[in-house]
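S.K.: Would you mind keeping the following structure in view while I ask a few things?
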Amino acid sequence: MAATRSTDDLPAPPPTLKERFLAWWEGIDVQRRHNDAGEEPTAPGEDASPSNAKHLNRKGKPLWTATRIEVVEKIWGPGFSSPGGDEFIPTIVKPLGLNPAMSVLDIGAGLGGATRAMAKQYGTWVTGLDGNPVLAEAGMFRSQKSGLARQAPILSTDMENFTWGKRVDAIFSKETFYTVRNKDKLIDSIEAILKPRGQLLFTDYVIDPGHARGRDFDGWIHAEPSEPSPWTVEQYAAALAQRNLDIRITEDNTDTHRALILNAIQELVKHLETVAMDHDTKLAVVEEVEMWARRVAALSSGLRYYRFYALKPGDLS
């Protein structure tokens, strides 16, 4: 009878991408770091109280810091925290037919790059809203610095209990709805604040029910900074139709989104070869790259990236 192998005899799991990156930059013994590493302490002054927890990641650390903001702008461009910079926004928002007479809400505006791009290119009055107060404050600072504090302000909001006091001509959102647990409530609020013949245009990560969800999908679900709650295309279609919103575009943009991510990471790697960074910045870079690498992997393992466009009917009177 073969002897049972002790768990002490098993090899340590291989270092993660983050650990390999840090070893490359710092010239350390990556396996020793891997074996000796413990949990990082919670950031000073942060707690996991219910009122604060939604702004912390799964490790109890702030979702957004000045260092992370610096890193994402280096990857995606000034004012952006995700793929699709100034040159790409006109392609995304083209169906809206933006003009100076229109009022727009940008839900999940982040640092406000898309908000300001719409205001500058089309003269539209756009209000950016984000669920994270750190991002919203940084976004508002950038709008003020650009002279767009009135035309493209960035404000903080509660995504799970979203409301807005004025009716608007259009609502835009970029990769945000998948982070909201109560999407029915969010869509109810969106329908209520759209004017007759108002427009809704959003991009989002969705579940592909026709594709078996593999290990990469599970890894994405469990490792995202905040727990994602993605819907299927069919769920969105049903929810919009239930609120009498006429769906005009349901478009799979996964390949384009994936290419934007991979191209940006390649450019980042080139940039890293020319600069020196402190440890905290290196760690933030690695964590960001690791997060986007997981997303790219999930996009081939049951996750897709879609653009939706819907119209609200005019008044019946």
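Ordering of the structure tokens sets the chain letters (A, B, ...); residue numbers start at 1 within each chain; ligands are numbered from 1 in the order shown.
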Quick one: everything within 10 Å of Pro95 of chain A, counting only C-alpha atoms, minus sequence neighbours fewer than 4 positions away in the same chain. Send it as a PDB file with C-alpha atoms, in the first residue's frame.

M.R.:
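Saved file selection.pdb follows:
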```pdb
ATOM      1  CA  PRO A  90     -16.962  59.236 -30.936  1.00  0.00           C
ATOM      2  CA  THR A  91     -17.233  55.707 -32.350  1.00  0.00           C
ATOM      3  CA  GLN A 199     -31.812  57.510 -25.649  1.00  0.00           C
ATOM      4  CA  LEU A 200     -29.896  54.913 -23.658  1.00  0.00           C
ATOM      5  CA  LEU A 201     -26.479  53.753 -24.861  1.00  0.00           C
ATOM      6  CA  ARG A 248     -32.069  49.189 -31.703  1.00  0.00           C
ATOM      7  CA  ILE A 249     -28.521  47.889 -31.234  1.00  0.00           C
ATOM      8  CA  TYR A 309     -28.692  51.160 -27.714  1.00  0.00           C
ATOM      9  CA  ALA A 310     -32.372  51.744 -26.914  1.00  0.00           C
TER      10      ALA A 310
END
```

S.K.: Leaving out segment 215-222 of chain A and any residue of its chain fewer than 3 positions from it, which residues lie within 10 Å of it when counting only C-alpha atoms, given as an mmCIF file with N, CA and C atoms, in the first residue's frame?

M.R.:
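Okay, this is what ended up in out.cif:
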```cif
data_model
loop_
_atom_site.group_PDB
_atom_site.id
_atom_site.type_symbol
_atom_site.label_atom_id
_atom_site.label_comp_id
_atom_site.auth_asym_id
_atom_site.auth_seq_id
_atom_site.Cartn_x
_atom_site.Cartn_y
_atom_site.Cartn_z
ATOM 1 N N ARG A 58 -11.922 43.513 -2.156
ATOM 2 C CA ARG A 58 -12.185 42.294 -1.391
ATOM 3 C C ARG A 58 -11.137 42.019 -0.318
ATOM 4 N N ILE A 207 -22.693 37.743 -19.709
ATOM 5 C CA ILE A 207 -22.457 36.301 -19.710
ATOM 6 C C ILE A 207 -22.942 35.718 -21.034
ATOM 7 N N ALA A 212 -19.559 27.372 -22.411
ATOM 8 C CA ALA A 212 -19.297 26.789 -21.091
ATOM 9 C C ALA A 212 -18.360 27.706 -20.306
ATOM 10 N N PRO A 225 -11.793 43.162 -8.226
ATOM 11 C CA PRO A 225 -11.698 43.966 -7.001
ATOM 12 C C PRO A 225 -13.021 44.063 -6.245
ATOM 13 N N SER A 226 -14.128 44.221 -6.991
ATOM 14 C CA SER A 226 -15.472 44.189 -6.404
ATOM 15 C C SER A 226 -16.240 43.055 -7.065
ATOM 16 N N GLU A 227 -17.099 42.406 -6.307
ATOM 17 C CA GLU A 227 -17.811 41.254 -6.847
ATOM 18 C C GLU A 227 -18.696 41.667 -8.021
ATOM 19 N N PRO A 228 -18.483 41.090 -9.209
ATOM 20 C CA PRO A 228 -19.306 41.441 -10.363
ATOM 21 C C PRO A 228 -20.642 40.700 -10.355
ATOM 22 N N SER A 229 -21.645 41.314 -10.999
ATOM 23 C CA SER A 229 -22.974 40.694 -11.114
ATOM 24 C C SER A 229 -23.444 40.809 -12.560
ATOM 25 N N PRO A 230 -22.765 40.120 -13.484
ATOM 26 C CA PRO A 230 -23.102 40.284 -14.901
ATOM 27 C C PRO A 230 -24.422 39.622 -15.281
ATOM 28 N N MET A 291 -5.248 42.315 -13.283
ATOM 29 C CA MET A 291 -6.709 42.408 -13.375
ATOM 30 C C MET A 291 -7.178 42.375 -14.825
ATOM 31 N N TRP A 292 -6.490 43.135 -15.685
ATOM 32 C CA TRP A 292 -6.895 43.165 -17.101
ATOM 33 C C TRP A 292 -6.544 41.866 -17.805
ATOM 34 N N ALA A 293 -5.474 41.202 -17.381
ATOM 35 C CA ALA A 293 -5.149 39.892 -17.954
ATOM 36 C C ALA A 293 -6.246 38.883 -17.633
ATOM 37 N N ARG A 294 -6.791 38.938 -16.425
ATOM 38 C CA ARG A 294 -7.898 38.045 -16.060
ATOM 39 C C ARG A 294 -9.131 38.341 -16.906
ATOM 40 N N ARG A 295 -9.389 39.631 -17.147
ATOM 41 C CA ARG A 295 -10.554 39.991 -17.951
ATOM 42 C C ARG A 295 -10.412 39.488 -19.388
ATOM 43 N N VAL A 296 -9.226 39.637 -19.957
ATOM 44 C CA VAL A 296 -8.987 39.141 -21.306
ATOM 45 C C VAL A 296 -9.202 37.631 -21.359
ATOM 46 N N ALA A 297 -8.691 36.918 -20.365
ATOM 47 C CA ALA A 297 -8.873 35.465 -20.331
ATOM 48 C C ALA A 297 -10.351 35.096 -20.219
ATOM 49 N N ALA A 298 -11.091 35.834 -19.392
ATOM 50 C CA ALA A 298 -12.522 35.543 -19.213
ATOM 51 C C ALA A 298 -13.315 35.794 -20.488
ATOM 52 N N LEU A 299 -12.852 36.726 -21.321
ATOM 53 C CA LEU A 299 -13.552 37.028 -22.571
ATOM 54 C C LEU A 299 -13.496 35.871 -23.563
ATOM 55 N N SER A 300 -12.693 34.867 -23.266
ATOM 56 C CA SER A 300 -12.652 33.641 -24.077
ATOM 57 C C SER A 300 -13.190 32.450 -23.295
ATOM 58 N N SER A 301 -13.854 32.745 -22.170
ATOM 59 C CA SER A 301 -14.282 31.659 -21.282
ATOM 60 C C SER A 301 -15.675 31.918 -20.705
ATOM 61 N N GLY A 302 -16.580 32.430 -21.546
ATOM 62 C CA GLY A 302 -17.959 32.618 -21.105
ATOM 63 C C GLY A 302 -18.367 34.047 -20.849
ATOM 64 N N LEU A 303 -17.428 34.991 -21.021
ATOM 65 C CA LEU A 303 -17.733 36.414 -20.844
ATOM 66 C C LEU A 303 -17.617 37.108 -22.189
#
```

S.K.: Pick the closest to Leu105 of chain A from A:Ile187, A:Leu272, A:Val126, A:Leu260: which is it, counting only C-alpha atoms?

M.R.: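 Of all the options, A:Val126 lies closest to Leu105 of chain A.
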
S.K.: Nearest to Ile69 of chain A among A:Val206, A:Met118, A:Val285, A:Leu311, with distances taken over only C-alpha atoms: which residue is it?

M.R.: A:Val285

S.K.: Using only C-alpha atoms, which residues of segment 85-117 of chain A come within 12 Å of segment 153-165 of chain A, and what is the closest atom pair for each, with the distance in Å to one decimal? Give it as a tab-separated table, sorted by chain and residue number.

M.R.:
```
residue	atom	partner	partner_atom	distance
A:Val104	CA	A:Pro153	CA	11.3
A:Leu105	CA	A:Trp164	CA	9.4
A:Asp106	CA	A:Ile154	CA	8.9
A:Ile107	CA	A:Met159	CA	8.6
A:Gly108	CA	A:Met159	CA	8.4
A:Ala109	CA	A:Ile154	CA	7.3
A:Gly110	CA	A:Ile154	CA	8.3
A:Leu111	CA	A:Ile154	CA	7.8
A:Gly112	CA	A:Ile154	CA	6.4
A:Gly113	CA	A:Ile154	CA	10.0
A:Ala114	CA	A:Ile154	CA	10.9
A:Thr115	CA	A:Ile154	CA	8.1
A:Arg116	CA	A:Pro153	CA	8.5
```

S.K.: Might you pull out every residue within 12 Å of Asp280 of chain A, with only C-alpha atoms counted and same-chain residues fewer than 4 positions away left off, and present them as a list in words?

M.R.: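 Here the answer would be Leu22, Thr65, Ala66, Thr67, Arg68, Glu70, Val71, Ala276, Ala284, Val285, Val286 and Glu287 of chain A.
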
S.K.: Enter the distance from atom CA of Tyr122 of chain A to atom CA of Leu98 of chain A, in Å, rounded to one decimal.

M.R.: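 Between these atoms lies a distance of 6.0 Å.
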
S.K.: Report, in Å with one decimal, the straight-line distance from atom CA of Gly210 of chain A to atom CA of Arg258 of chain A.

M.R.: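 Computed distance, atom CA of Gly210 of chain A to atom CA of Arg258 of chain A, equals 19.4 Å.
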
S.K.: So what do you get for atom CA of Asp204 of chain A versus atom CA of Glu234 of chain A, distance-wise?

M.R.: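 About the pair atom CA of Asp204 of chain A and atom CA of Glu234 of chain A: they are 13.1 Å apart.
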